[in-house]
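**Q** Just one file: entry_20.txt, with compact mmCIF, C-alpha atoms and all ligand atoms.
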```txt
# COMPACT_ATOMS: atom_id res chain seq x y z
CA MET A 26 -9.91 -21.40 -8.57
CA ILE A 27 -12.09 -18.63 -7.21
CA ILE A 28 -10.59 -16.91 -4.19
CA LEU A 29 -12.48 -14.60 -1.87
CA GLY A 30 -10.11 -11.87 -0.63
CA ILE A 31 -10.78 -9.93 2.57
CA GLU A 32 -8.79 -6.89 3.77
CA SER A 33 -9.50 -5.17 7.09
CA SER A 34 -6.09 -4.28 8.54
CA CYS A 35 -6.69 -0.54 8.94
CA ASP A 36 -9.37 1.84 7.69
CA GLU A 37 -10.61 0.13 4.53
CA THR A 38 -12.96 -2.84 4.40
CA GLY A 39 -12.21 -4.60 1.13
CA VAL A 40 -13.86 -7.71 -0.28
CA ALA A 41 -13.07 -9.17 -3.72
CA LEU A 42 -13.44 -12.28 -5.85
CA TYR A 43 -10.39 -13.30 -7.85
CA ASP A 44 -10.12 -16.11 -10.36
CA SER A 45 -6.60 -17.56 -10.49
CA GLU A 46 -6.97 -17.95 -14.28
CA LYS A 47 -9.24 -15.09 -15.34
CA GLY A 48 -8.23 -12.40 -12.83
CA LEU A 49 -10.51 -10.06 -10.90
CA LEU A 50 -14.22 -11.00 -10.98
CA GLY A 51 -15.53 -8.28 -8.69
CA ALA A 52 -14.58 -6.02 -5.80
CA ALA A 53 -16.29 -3.88 -3.17
CA LEU A 54 -14.68 -1.44 -0.81
CA HIS A 55 -15.69 0.85 2.01
CA SER A 56 -13.25 3.52 3.13
CA GLN A 57 -13.57 4.92 6.65
CA ILE A 58 -11.62 8.07 5.77
CA ASP A 59 -14.54 10.44 6.38
CA MET A 60 -15.13 8.96 9.83
CA HIS A 61 -11.47 9.25 10.93
CA LYS A 62 -10.94 12.68 9.34
CA LEU A 63 -12.57 14.30 12.34
CA TYR A 64 -9.78 12.94 14.57
CA GLY A 65 -6.79 13.61 12.27
CA GLY A 66 -5.93 9.90 12.02
CA VAL A 67 -7.30 6.37 12.37
CA VAL A 68 -9.05 5.62 15.69
CA PRO A 69 -8.59 1.83 16.17
CA GLU A 70 -11.79 1.13 18.13
CA LEU A 71 -13.94 3.04 15.63
CA ALA A 72 -12.19 1.21 12.79
CA SER A 73 -13.02 -2.26 14.21
CA ARG A 74 -16.66 -1.36 14.82
CA ASP A 75 -17.07 -0.01 11.32
CA HIS A 76 -15.48 -3.12 9.75
CA ILE A 77 -18.11 -5.19 11.59
CA ARG A 78 -20.91 -3.04 10.18
CA ARG A 79 -19.61 -3.15 6.60
CA ILE A 80 -18.11 -6.54 5.94
CA ILE A 81 -21.21 -8.74 5.39
CA PRO A 82 -23.05 -6.19 3.18
CA LEU A 83 -19.85 -5.81 1.10
CA LEU A 84 -19.56 -9.58 0.79
CA ASP A 85 -23.19 -9.86 -0.38
CA GLN A 86 -22.63 -6.98 -2.81
CA VAL A 87 -19.55 -8.51 -4.43
CA LEU A 88 -21.16 -11.96 -4.78
CA SER A 89 -24.28 -10.52 -6.34
CA GLU A 90 -22.41 -8.13 -8.70
CA ALA A 91 -20.10 -10.94 -9.88
CA ASN A 92 -23.07 -13.31 -10.07
CA ILE A 93 -21.21 -15.92 -8.02
CA SER A 94 -22.77 -18.19 -5.43
CA LYS A 95 -20.98 -18.78 -2.10
CA LYS A 96 -20.54 -22.45 -2.95
CA ASP A 97 -18.46 -21.53 -6.02
CA ILE A 98 -15.72 -20.07 -3.80
CA ASP A 99 -12.70 -22.40 -3.64
CA ALA A 100 -10.58 -20.62 -1.02
CA VAL A 101 -10.62 -17.61 1.28
CA ALA A 102 -7.70 -15.18 1.67
CA VAL A 103 -7.56 -12.83 4.63
CA THR A 104 -5.08 -10.21 5.78
CA GLU A 105 -3.52 -11.83 8.84
CA GLY A 106 -1.28 -8.84 9.62
CA PRO A 107 0.35 -6.46 10.18
CA GLY A 108 -2.29 -3.95 11.22
CA LEU A 109 -4.69 -2.95 13.99
CA ALA A 110 -5.54 -6.01 16.11
CA GLY A 111 -9.28 -5.36 16.42
CA ALA A 112 -9.60 -4.52 12.73
CA LEU A 113 -7.67 -7.64 11.68
CA LEU A 114 -9.90 -9.80 13.90
CA VAL A 115 -13.01 -8.75 12.00
CA GLY A 116 -11.72 -9.82 8.57
CA THR A 117 -9.99 -12.99 9.79
CA SER A 118 -12.97 -14.22 11.83
CA VAL A 119 -15.39 -13.65 8.95
CA GLY A 120 -12.97 -15.34 6.54
CA TYR A 121 -12.41 -18.31 8.82
CA ALA A 122 -16.17 -18.69 9.43
CA ILE A 123 -16.77 -18.84 5.68
CA GLY A 124 -13.96 -21.38 5.33
CA LEU A 125 -15.48 -23.50 8.08
CA ALA A 126 -18.99 -23.31 6.63
CA LEU A 127 -17.85 -24.21 3.11
CA ASN A 128 -15.01 -26.51 4.19
CA ILE A 129 -12.47 -24.71 2.01
CA PRO A 130 -8.91 -23.51 2.73
CA VAL A 131 -8.30 -20.18 4.47
CA ILE A 132 -5.01 -18.48 3.61
CA GLY A 133 -3.52 -15.80 5.88
CA VAL A 134 -1.73 -13.15 3.80
CA HIS A 135 0.83 -10.53 4.86
CA HIS A 136 -0.63 -7.11 4.02
CA MET A 137 2.55 -6.01 2.21
CA GLU A 138 2.63 -9.21 0.17
CA GLY A 139 -0.88 -8.23 -0.90
CA HIS A 140 0.39 -4.82 -2.06
CA LEU A 141 3.23 -6.54 -3.90
CA TYR A 142 0.80 -8.65 -5.92
CA SER A 143 -1.58 -5.73 -6.63
CA CYS A 144 0.40 -5.18 -9.87
CA LEU A 145 -1.10 -8.43 -11.19
CA LEU A 146 -4.46 -6.67 -11.12
CA ALA A 147 -3.29 -4.35 -13.90
CA GLY A 148 -3.65 -7.40 -16.14
CA GLU A 149 0.06 -7.66 -16.89
CA ASP A 150 2.01 -10.85 -16.68
CA LEU A 151 4.46 -10.29 -13.86
CA LYS A 152 7.74 -12.11 -14.48
CA PHE A 153 10.14 -13.11 -11.71
CA PRO A 154 12.69 -12.06 -10.54
CA PHE A 155 12.10 -8.40 -9.74
CA ILE A 156 12.84 -5.62 -7.29
CA ALA A 157 9.85 -4.32 -5.34
CA LEU A 158 9.57 -0.82 -3.95
CA LEU A 159 6.84 -0.96 -1.30
CA VAL A 160 5.68 2.48 -0.21
CA SER A 161 2.69 2.81 2.09
CA GLY A 162 1.47 4.54 5.25
CA GLY A 163 3.30 2.02 7.45
CA HIS A 164 6.18 0.70 5.31
CA THR A 165 8.97 1.84 3.00
CA GLN A 166 10.93 -1.14 1.76
CA ILE A 167 13.10 -2.32 -1.10
CA MET A 168 12.65 -6.03 -1.59
CA LYS A 169 14.45 -8.54 -3.78
CA VAL A 170 11.89 -11.02 -5.08
CA ALA A 171 13.66 -13.98 -6.70
CA SER A 172 10.56 -16.18 -7.09
CA PRO A 173 7.03 -16.39 -5.61
CA GLY A 174 7.30 -16.25 -1.80
CA LYS A 175 11.08 -15.67 -1.84
CA TYR A 176 11.56 -12.21 -0.40
CA GLU A 177 14.82 -10.61 0.71
CA LEU A 178 14.64 -7.21 2.38
CA LEU A 179 17.41 -5.05 0.91
CA GLY A 180 16.55 -1.82 2.67
CA GLU A 181 13.81 -0.05 4.59
CA THR A 182 13.02 3.09 6.51
CA LEU A 183 14.86 3.53 9.78
CA ASP A 184 12.05 5.70 11.19
CA ASP A 185 8.85 7.02 9.53
CA ALA A 186 7.26 5.47 6.46
CA VAL A 187 7.07 7.69 3.40
CA GLY A 188 3.23 7.69 3.46
CA GLU A 189 3.35 8.87 7.05
CA ALA A 190 5.67 11.73 6.00
CA PHE A 191 3.16 12.68 3.27
CA ASP A 192 0.35 12.64 5.83
CA LYS A 193 2.28 14.75 8.38
CA THR A 194 3.27 17.26 5.70
CA ALA A 195 -0.35 17.52 4.56
CA GLN A 196 -1.51 18.01 8.14
CA ALA A 197 1.05 20.81 8.64
CA LEU A 198 -0.32 22.44 5.49
CA GLY A 199 -3.86 22.27 6.91
CA GLU A 200 -5.04 19.27 4.88
CA CYS A 201 -6.96 16.24 6.09
CA TYR A 202 -5.81 12.63 6.47
CA PRO A 203 -4.75 10.86 4.28
CA GLY A 204 -2.69 13.70 2.89
CA GLY A 205 -0.74 12.12 0.03
CA PRO A 206 -3.14 13.17 -2.75
CA ALA A 207 -3.34 16.79 -1.47
CA VAL A 208 0.46 17.16 -1.23
CA SER A 209 0.77 15.76 -4.73
CA ARG A 210 -1.85 18.20 -6.05
CA PHE A 211 -0.19 21.21 -4.38
CA ALA A 212 3.22 20.08 -5.68
CA GLU A 213 1.98 20.20 -9.27
CA GLN A 214 1.40 23.94 -8.88
CA GLY A 215 4.66 24.59 -6.98
CA THR A 216 7.91 25.96 -8.39
CA PRO A 217 10.78 23.44 -8.35
CA GLY A 218 13.73 24.74 -6.32
CA ALA A 219 11.80 27.63 -4.73
CA ILE A 220 12.32 25.90 -1.37
CA ASN A 221 15.08 23.42 -0.62
CA LEU A 222 14.65 20.44 1.68
CA PRO A 223 17.23 17.79 2.64
CA ARG A 224 17.52 14.45 0.81
CA PRO A 225 17.95 12.07 3.77
CA LEU A 226 20.47 9.20 3.34
CA LEU A 227 20.75 9.98 -0.39
CA HIS A 228 24.49 9.34 -0.40
CA ALA A 229 24.58 6.69 2.34
CA ASP A 230 26.14 3.42 1.21
CA ASN A 231 22.99 1.37 1.82
CA LEU A 232 19.40 0.98 0.63
CA ASP A 233 17.79 2.38 3.77
CA PHE A 234 15.61 5.47 4.12
CA SER A 235 14.84 8.04 6.79
CA PHE A 236 11.94 10.46 6.62
CA SER A 237 11.58 11.85 10.14
CA GLY A 238 14.27 14.53 9.62
CA LEU A 239 12.55 15.60 6.41
CA LYS A 240 9.30 15.96 8.33
CA THR A 241 11.08 18.19 10.88
CA ALA A 242 12.56 20.26 8.04
CA VAL A 243 9.02 20.76 6.67
CA MET A 244 7.80 21.93 10.11
CA ASN A 245 10.77 24.31 10.52
CA THR A 246 10.20 25.80 7.05
CA ILE A 247 6.55 26.46 7.97
CA ARG A 248 7.59 28.00 11.30
CA LEU A 249 9.99 30.42 9.62
CA ALA A 250 7.74 31.32 6.68
CA GLU A 251 6.48 34.87 6.30
CA ASP A 252 2.99 33.76 5.30
CA PRO A 253 2.58 30.00 5.80
CA SER A 254 -1.10 30.18 4.86
CA ALA A 255 -0.38 31.53 1.34
CA GLN A 256 -1.32 28.94 -1.26
CA SER A 257 1.85 29.71 -3.29
CA PHE A 258 3.98 28.89 -0.24
CA LYS A 259 2.06 25.66 0.35
CA ASN A 260 2.54 24.68 -3.29
CA ASP A 261 6.29 25.39 -3.23
CA LEU A 262 6.76 23.48 0.03
CA ALA A 263 4.78 20.51 -1.28
CA ARG A 264 6.91 20.61 -4.45
CA ALA A 265 10.11 20.61 -2.37
CA PHE A 266 8.83 17.70 -0.26
CA VAL A 267 7.77 15.61 -3.25
CA ASP A 268 11.04 16.32 -5.10
CA SER A 269 13.09 15.26 -2.08
CA VAL A 270 11.12 12.06 -1.52
CA THR A 271 11.12 11.17 -5.22
CA GLU A 272 14.86 11.72 -5.63
CA VAL A 273 15.69 9.51 -2.65
CA LEU A 274 13.26 6.72 -3.57
CA VAL A 275 14.34 6.71 -7.22
CA LYS A 276 18.08 6.76 -6.46
CA LYS A 277 17.91 3.87 -3.95
CA THR A 278 15.65 1.81 -6.19
CA VAL A 279 18.00 2.23 -9.15
CA LYS A 280 20.89 1.23 -6.86
CA ALA A 281 19.04 -1.98 -5.93
CA LEU A 282 18.31 -2.74 -9.59
CA LYS A 283 21.95 -2.23 -10.56
CA LYS A 284 23.19 -4.27 -7.60
CA THR A 285 21.02 -7.27 -8.47
CA GLY A 286 21.03 -6.83 -12.25
CA TYR A 287 17.25 -7.39 -12.22
CA LYS A 288 15.36 -5.92 -15.16
CA SER A 289 11.87 -5.56 -13.61
CA LEU A 290 10.58 -3.26 -10.93
CA VAL A 291 7.28 -3.53 -9.06
CA VAL A 292 6.09 -0.42 -7.23
CA ALA A 293 3.18 -0.84 -4.81
CA GLY A 294 1.45 0.53 -1.70
CA GLY A 295 -0.64 3.70 -1.29
CA VAL A 296 2.23 6.05 -2.26
CA SER A 297 2.64 4.22 -5.60
CA ALA A 298 -0.38 6.29 -6.70
CA ASN A 299 1.83 9.37 -6.53
CA LYS A 300 2.18 11.02 -9.92
CA GLN A 301 5.63 12.55 -9.39
CA LEU A 302 7.07 9.30 -8.02
CA ARG A 303 5.63 7.33 -10.94
CA GLU A 304 7.12 9.78 -13.44
CA GLY A 305 10.51 9.76 -11.68
CA LEU A 306 10.70 5.96 -11.62
CA ILE A 307 9.56 5.53 -15.21
CA LYS A 308 12.18 8.02 -16.42
CA ALA A 309 15.02 6.50 -14.39
CA CYS A 310 14.10 2.93 -15.35
CA LYS A 311 13.90 3.78 -19.03
CA LYS A 312 17.53 4.94 -18.88
CA ILE A 313 18.71 1.59 -17.51
CA GLY A 314 16.37 -0.64 -19.53
CA VAL A 315 14.13 -1.75 -16.65
CA LYS A 316 10.39 -2.44 -17.02
CA VAL A 317 8.24 -0.89 -14.27
CA TYR A 318 4.95 -2.36 -13.04
CA PHE A 319 2.40 -0.33 -11.08
CA PRO A 320 -1.00 -1.41 -9.71
CA PRO A 321 -4.07 0.21 -11.31
CA LEU A 322 -4.51 3.62 -9.62
CA ALA A 323 -7.69 2.55 -7.80
CA LEU A 324 -5.92 -0.49 -6.32
CA CYS A 325 -2.79 1.25 -4.96
CA THR A 326 -4.38 1.75 -1.55
CA ASP A 327 -5.78 -1.09 0.56
CA ASN A 328 -8.27 -3.48 -1.04
CA GLY A 329 -9.43 -7.11 -0.96
CA ALA A 330 -8.37 -7.89 -4.53
CA MET A 331 -4.65 -7.68 -3.76
CA ILE A 332 -5.05 -10.09 -0.83
CA ALA A 333 -6.77 -12.65 -3.07
CA ALA A 334 -4.13 -12.15 -5.80
CA ALA A 335 -1.31 -12.76 -3.30
CA ALA A 336 -3.06 -15.88 -2.00
CA ALA A 337 -3.30 -17.25 -5.55
CA SER A 338 0.49 -17.56 -5.54
CA HIS A 339 0.33 -19.79 -2.42
CA LEU A 340 -2.49 -22.06 -3.54
CA GLN A 341 -0.28 -25.01 -4.43
CA ASN A 342 0.97 -25.17 -0.82
CA ILE A 343 -2.30 -24.79 1.06
CA LYS A 344 -5.00 -27.38 0.58
CA THR A 345 -7.02 -27.45 3.78
CA LEU A 346 -8.71 -25.31 6.39
CA PRO A 347 -6.18 -24.52 9.16
CA LYS A 348 -6.97 -27.06 11.93
CA GLU A 349 -5.57 -24.91 14.71
CA GLY A 350 -8.10 -22.16 13.96
CA PHE A 351 -7.25 -18.68 12.78
CA SER A 352 -4.70 -16.20 14.00
CA ILE A 353 -3.80 -12.55 13.58
CA LYS A 354 -0.30 -11.05 13.52
CA PRO A 355 -0.62 -7.29 14.24
CA LYS A 356 3.16 -6.82 14.28
CA TRP A 357 4.09 -9.29 11.54
CA GLN A 358 7.58 -8.36 10.23
O1 LIG B 1 -1.21 1.25 1.29
P1 LIG B 1 -2.08 2.20 2.02
O2 LIG B 1 -3.50 2.37 1.55
O3 LIG B 1 -2.17 1.83 3.53
C1 LIG B 1 -1.11 1.27 4.25
O4 LIG B 1 -0.86 0.06 4.07
O5 LIG B 1 -0.47 2.06 4.96
O6 LIG B 1 -1.30 3.59 1.99
C2 LIG B 1 -1.83 4.75 2.55
C3 LIG B 1 -0.83 5.87 2.34
C4 LIG B 1 -1.22 7.14 3.06
O7 LIG B 1 -0.10 7.59 3.80
C5 LIG B 1 -1.57 8.10 1.92
O8 LIG B 1 -1.32 9.45 2.21
C6 LIG B 1 -0.66 7.59 0.82
O9 LIG B 1 -0.72 6.19 0.94
N1 LIG B 1 -1.13 8.01 -0.51
C7 LIG B 1 -0.42 8.82 -1.33
C8 LIG B 1 -1.21 9.04 -2.49
N2 LIG B 1 -2.38 8.32 -2.34
C9 LIG B 1 -2.30 7.70 -1.13
N3 LIG B 1 0.78 9.41 -1.16
C10 LIG B 1 1.24 10.20 -2.15
N4 LIG B 1 0.54 10.46 -3.28
C11 LIG B 1 -0.68 9.90 -3.50
N5 LIG B 1 -1.34 10.17 -4.63
ZN ZN B 2 -1.71 -0.96 2.74
```
In structure tokens, what does this structure look like?
**A**
Amino acid sequence: MIILGIESSCDETGVALYDSEKGLLGAALHSQIDMHKLYGGVVPELASRDHIRRIIPLLDQVLSEANISKKDIDAVAVTEGPGLAGALLVGTSVGYAIGLALNIPVIGVHHMEGHLYSCLLAGEDLKFPFIALLVSGGHTQIMKVASPGKYELLGETLDDAVGEAFDKTAQALGECYPGGPAVSRFAEQGTPGAINLPRPLLHADNLDFSFSGLKTAVMNTIRLAEDPSAQSFKNDLARAFVDSVTEVLVKKTVKALKKTGYKSLVVAGGVSANKQLREGLIKACKKIGVKVYFPPLALCTDNGAMIAAAAASHLQNIKTLPKEGFSIKPKWQ
């Protein structure tokens, strides 16, 4: 079946065509990062308006590049939530309209379930059960995934998401949103151990996280620094931040793997693009004989392909267009 995937929950308009047998047929994406940069973060009203401008041209582009006619689409998958209400409405209303016009099913997908399935886009055969570490700008979760659609939350952040902590750290170092890639780049040049930051909840007897204290520690270190604008200081602080985050994420993930006895780990969400985190997880998992799956680098952040891939796992259960119309769930748990 050919599934059209649409993502518009935040600042990326993503459209993709995914074949449940052959995999990804084509994808188009527009990122609004340059527009929001000026404001230091995503401005919801501007985001919705830009999704409206972009979505139909992206749809036309992906159909033409994949050489697929609209009538070949068998189902539509849209991000139903969580996310910005106005932004979600753009993708869901376009998706539902296409479903109505073609009389095909429309499947509402949870944004984080989309991230979870983005590993399928690396072309690997994902075997259940597995532990998922979901690390994005809005979520930090450890999930037990026994079978498709069976998710048990084992732990999550009690305050900020790890991506948010990356972004705040980058902002404090004078870098633009989204700051993850800049912090990672600086960290590569930094000296390990030159600055020490706390490892929040590292020894707590649970699988939860906390990153707001770490963010405060970053701010305090900058406040007390002799020359906070020196590149060497920025590099060392970024290194300390990345080392702290990596150690905590790796330790808790290994704990979850040992607790469940599962032998596969899926890492997904924007922060799964992080080099140091990838290296830390690969090393730790090798020691305990666990196979780690990552999405392709270009598909770690938001995109339409992951939404279509997630919907493919629900196809058996959804056969018709939703009669009650479409919905959005901005605060979907
Ligand atoms: O999954 P995503 O695109 O959007 C949400 O669902 O939130 O994740 C965006 C987050 C941002 O906080 C961004 O700074 C972070 O992912 N990010 C990274 C890297 N690339 C993106 N964080 C660390 N290292 C990276 N290379
Ligand atoms: Zn996301």
**Q** Using only C-alpha atoms and all ligand atoms, which residue out of A:Phe258, A:Phe319, A:Tyr202, A:Tyr121 lies closest to ligand LIG 1 (chain B)?
**A**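 Smallest distance to ligand LIG 1 (chain B) is found for A:Tyr202.
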**Q** Which residues come within 12 Å of Gly218 of chain A, counting all atoms listed in the file, excluding same-chain residues fewer than 4 positions away, as a PyMOL selection string?
**A** chain A and resi 212+222-223+260-269
**Q** Output C-alpha atoms of each residue in that selection to a file, as a compact mmCIF listing (two decimals), in the frame of the given file.
**A**
```txt
# COMPACT_ATOMS: atom_id res chain seq x y z
CA ALA A 212 3.22 20.08 -5.68
CA LEU A 222 14.65 20.44 1.68
CA PRO A 223 17.23 17.79 2.64
CA ASN A 260 2.54 24.68 -3.29
CA ASP A 261 6.29 25.39 -3.23
CA LEU A 262 6.76 23.48 0.03
CA ALA A 263 4.78 20.51 -1.28
CA ARG A 264 6.91 20.61 -4.45
CA ALA A 265 10.11 20.61 -2.37
CA PHE A 266 8.83 17.70 -0.26
CA VAL A 267 7.77 15.61 -3.25
CA ASP A 268 11.04 16.32 -5.10
CA SER A 269 13.09 15.26 -2.08
```
**Q** Can you list, as a list in words, every protein, DNA or RNA residue that comes within 6 Å of Gly329 of chain A when you count all atoms listed in the file, leaving out same-chain residues fewer than 6 positions away?
**A**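 Within the cut-off, the hits are Gly30, Ile31, Glu32, Gly39, Val40 and Ala41 of chain A.
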**Q** What would the list of residues within 10 Å of (-13.4, 0.7, 12.9) (file frame) look like as a list in words, if only C-alpha atoms are what count?
**A**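 In the file's frame, the residues around the point are Ser33, Ser34, Cys35, Asp36, Glu37, Thr38, Gln57, Met60, His61, Val67, Val68, Pro69, Glu70, Leu71, Ala72, Ser73, Arg74, Asp75, His76, Ile77, Arg78, Arg79, Leu109, Gly111, Ala112 and Val115 of chain A.
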**Q** Rounded to one decimal place, report the atom CA of Ser209 of chain A-atom CA of Lys311 of chain A distance in Å.
**A** 22.8 Å
**Q** Taking all atoms of ligand LIG 1 (chain B) that the file lists, what box with edges along x, y and z, padded by 4 Å per side, do you get, with centre and edge lengths in Å to one decimal, as JSON?
**A**
```
{"center_x": -1.1, "center_y": 5.3, "center_z": 0.2, "size_x": 12.7, "size_y": 18.4, "size_z": 17.6}
```
**Q** Output requested as a PDB file, keeping the file's coordinate frame - segment 186-209 of chain A, filled out with N, CA and C atoms.
**A**
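The result, stored in rebuild.pdb:
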```
ATOM      1  N   ALA A 186       7.536   5.933   7.828  1.00  0.00           N
ATOM      2  CA  ALA A 186       7.260   5.470   6.460  1.00  0.00           C
ATOM      3  C   ALA A 186       7.009   6.700   5.592  1.00  0.00           C
ATOM      4  N   VAL A 187       7.213   6.534   4.281  1.00  0.00           N
ATOM      5  CA  VAL A 187       7.070   7.690   3.400  1.00  0.00           C
ATOM      6  C   VAL A 187       5.612   8.196   3.357  1.00  0.00           C
ATOM      7  N   GLY A 188       4.642   7.279   3.436  1.00  0.00           N
ATOM      8  CA  GLY A 188       3.230   7.690   3.460  1.00  0.00           C
ATOM      9  C   GLY A 188       2.913   8.539   4.692  1.00  0.00           C
ATOM     10  N   GLU A 189       3.534   8.127   5.801  1.00  0.00           N
ATOM     11  CA  GLU A 189       3.350   8.870   7.050  1.00  0.00           C
ATOM     12  C   GLU A 189       3.913  10.290   6.896  1.00  0.00           C
ATOM     13  N   ALA A 190       5.072  10.415   6.231  1.00  0.00           N
ATOM     14  CA  ALA A 190       5.670  11.730   6.000  1.00  0.00           C
ATOM     15  C   ALA A 190       4.757  12.594   5.109  1.00  0.00           C
ATOM     16  N   PHE A 191       4.141  11.961   4.101  1.00  0.00           N
ATOM     17  CA  PHE A 191       3.160  12.680   3.270  1.00  0.00           C
ATOM     18  C   PHE A 191       2.007  13.178   4.143  1.00  0.00           C
ATOM     19  N   ASP A 192       1.510  12.285   5.000  1.00  0.00           N
ATOM     20  CA  ASP A 192       0.350  12.640   5.830  1.00  0.00           C
ATOM     21  C   ASP A 192       0.683  13.768   6.812  1.00  0.00           C
ATOM     22  N   LYS A 193       1.888  13.713   7.413  1.00  0.00           N
ATOM     23  CA  LYS A 193       2.280  14.750   8.380  1.00  0.00           C
ATOM     24  C   LYS A 193       2.492  16.085   7.658  1.00  0.00           C
ATOM     25  N   THR A 194       3.059  16.031   6.474  1.00  0.00           N
ATOM     26  CA  THR A 194       3.270  17.260   5.700  1.00  0.00           C
ATOM     27  C   THR A 194       1.919  17.880   5.336  1.00  0.00           C
ATOM     28  N   ALA A 195       0.990  17.033   4.913  1.00  0.00           N
ATOM     29  CA  ALA A 195      -0.350  17.520   4.560  1.00  0.00           C
ATOM     30  C   ALA A 195      -1.023  18.162   5.775  1.00  0.00           C
ATOM     31  N   GLN A 196      -0.891  17.493   6.904  1.00  0.00           N
ATOM     32  CA  GLN A 196      -1.510  18.010   8.140  1.00  0.00           C
ATOM     33  C   GLN A 196      -0.932  19.390   8.483  1.00  0.00           C
ATOM     34  N   ALA A 197       0.400  19.522   8.348  1.00  0.00           N
ATOM     35  CA  ALA A 197       1.050  20.810   8.640  1.00  0.00           C
ATOM     36  C   ALA A 197       0.597  21.888   7.664  1.00  0.00           C
ATOM     37  N   LEU A 198       0.161  21.456   6.484  1.00  0.00           N
ATOM     38  CA  LEU A 198      -0.320  22.440   5.490  1.00  0.00           C
ATOM     39  C   LEU A 198      -1.842  22.630   5.600  1.00  0.00           C
ATOM     40  N   GLY A 199      -2.422  22.063   6.650  1.00  0.00           N
ATOM     41  CA  GLY A 199      -3.860  22.270   6.910  1.00  0.00           C
ATOM     42  C   GLY A 199      -4.772  21.321   6.157  1.00  0.00           C
ATOM     43  N   GLU A 200      -4.209  20.218   5.638  1.00  0.00           N
ATOM     44  CA  GLU A 200      -5.040  19.270   4.880  1.00  0.00           C
ATOM     45  C   GLU A 200      -5.397  18.051   5.729  1.00  0.00           C
ATOM     46  N   CYS A 201      -6.464  17.382   5.326  1.00  0.00           N
ATOM     47  CA  CYS A 201      -6.960  16.240   6.090  1.00  0.00           C
ATOM     48  C   CYS A 201      -6.192  14.955   5.778  1.00  0.00           C
ATOM     49  N   TYR A 202      -6.356  13.975   6.675  1.00  0.00           N
ATOM     50  CA  TYR A 202      -5.810  12.630   6.470  1.00  0.00           C
ATOM     51  C   TYR A 202      -6.686  11.877   5.471  1.00  0.00           C
ATOM     52  N   PRO A 203      -6.169  11.037   4.585  1.00  0.00           N
ATOM     53  CA  PRO A 203      -4.750  10.860   4.280  1.00  0.00           C
ATOM     54  C   PRO A 203      -4.289  11.933   3.310  1.00  0.00           C
ATOM     55  N   GLY A 204      -3.093  12.464   3.567  1.00  0.00           N
ATOM     56  CA  GLY A 204      -2.690  13.700   2.890  1.00  0.00           C
ATOM     57  C   GLY A 204      -1.925  13.542   1.597  1.00  0.00           C
ATOM     58  N   GLY A 205      -1.546  12.316   1.236  1.00  0.00           N
ATOM     59  CA  GLY A 205      -0.740  12.120   0.030  1.00  0.00           C
ATOM     60  C   GLY A 205      -1.309  12.800  -1.205  1.00  0.00           C
ATOM     61  N   PRO A 206      -2.583  12.561  -1.530  1.00  0.00           N
ATOM     62  CA  PRO A 206      -3.140  13.170  -2.750  1.00  0.00           C
ATOM     63  C   PRO A 206      -3.100  14.706  -2.720  1.00  0.00           C
ATOM     64  N   ALA A 207      -3.347  15.319  -1.557  1.00  0.00           N
ATOM     65  CA  ALA A 207      -3.340  16.790  -1.470  1.00  0.00           C
ATOM     66  C   ALA A 207      -1.928  17.328  -1.685  1.00  0.00           C
ATOM     67  N   VAL A 208      -0.931  16.696  -1.064  1.00  0.00           N
ATOM     68  CA  VAL A 208       0.460  17.160  -1.230  1.00  0.00           C
ATOM     69  C   VAL A 208       0.852  17.056  -2.697  1.00  0.00           C
ATOM     70  N   SER A 209       0.442  15.962  -3.315  1.00  0.00           N
ATOM     71  CA  SER A 209       0.770  15.760  -4.730  1.00  0.00           C
ATOM     72  C   SER A 209       0.124  16.841  -5.610  1.00  0.00           C
TER      73      SER A 209
END
```
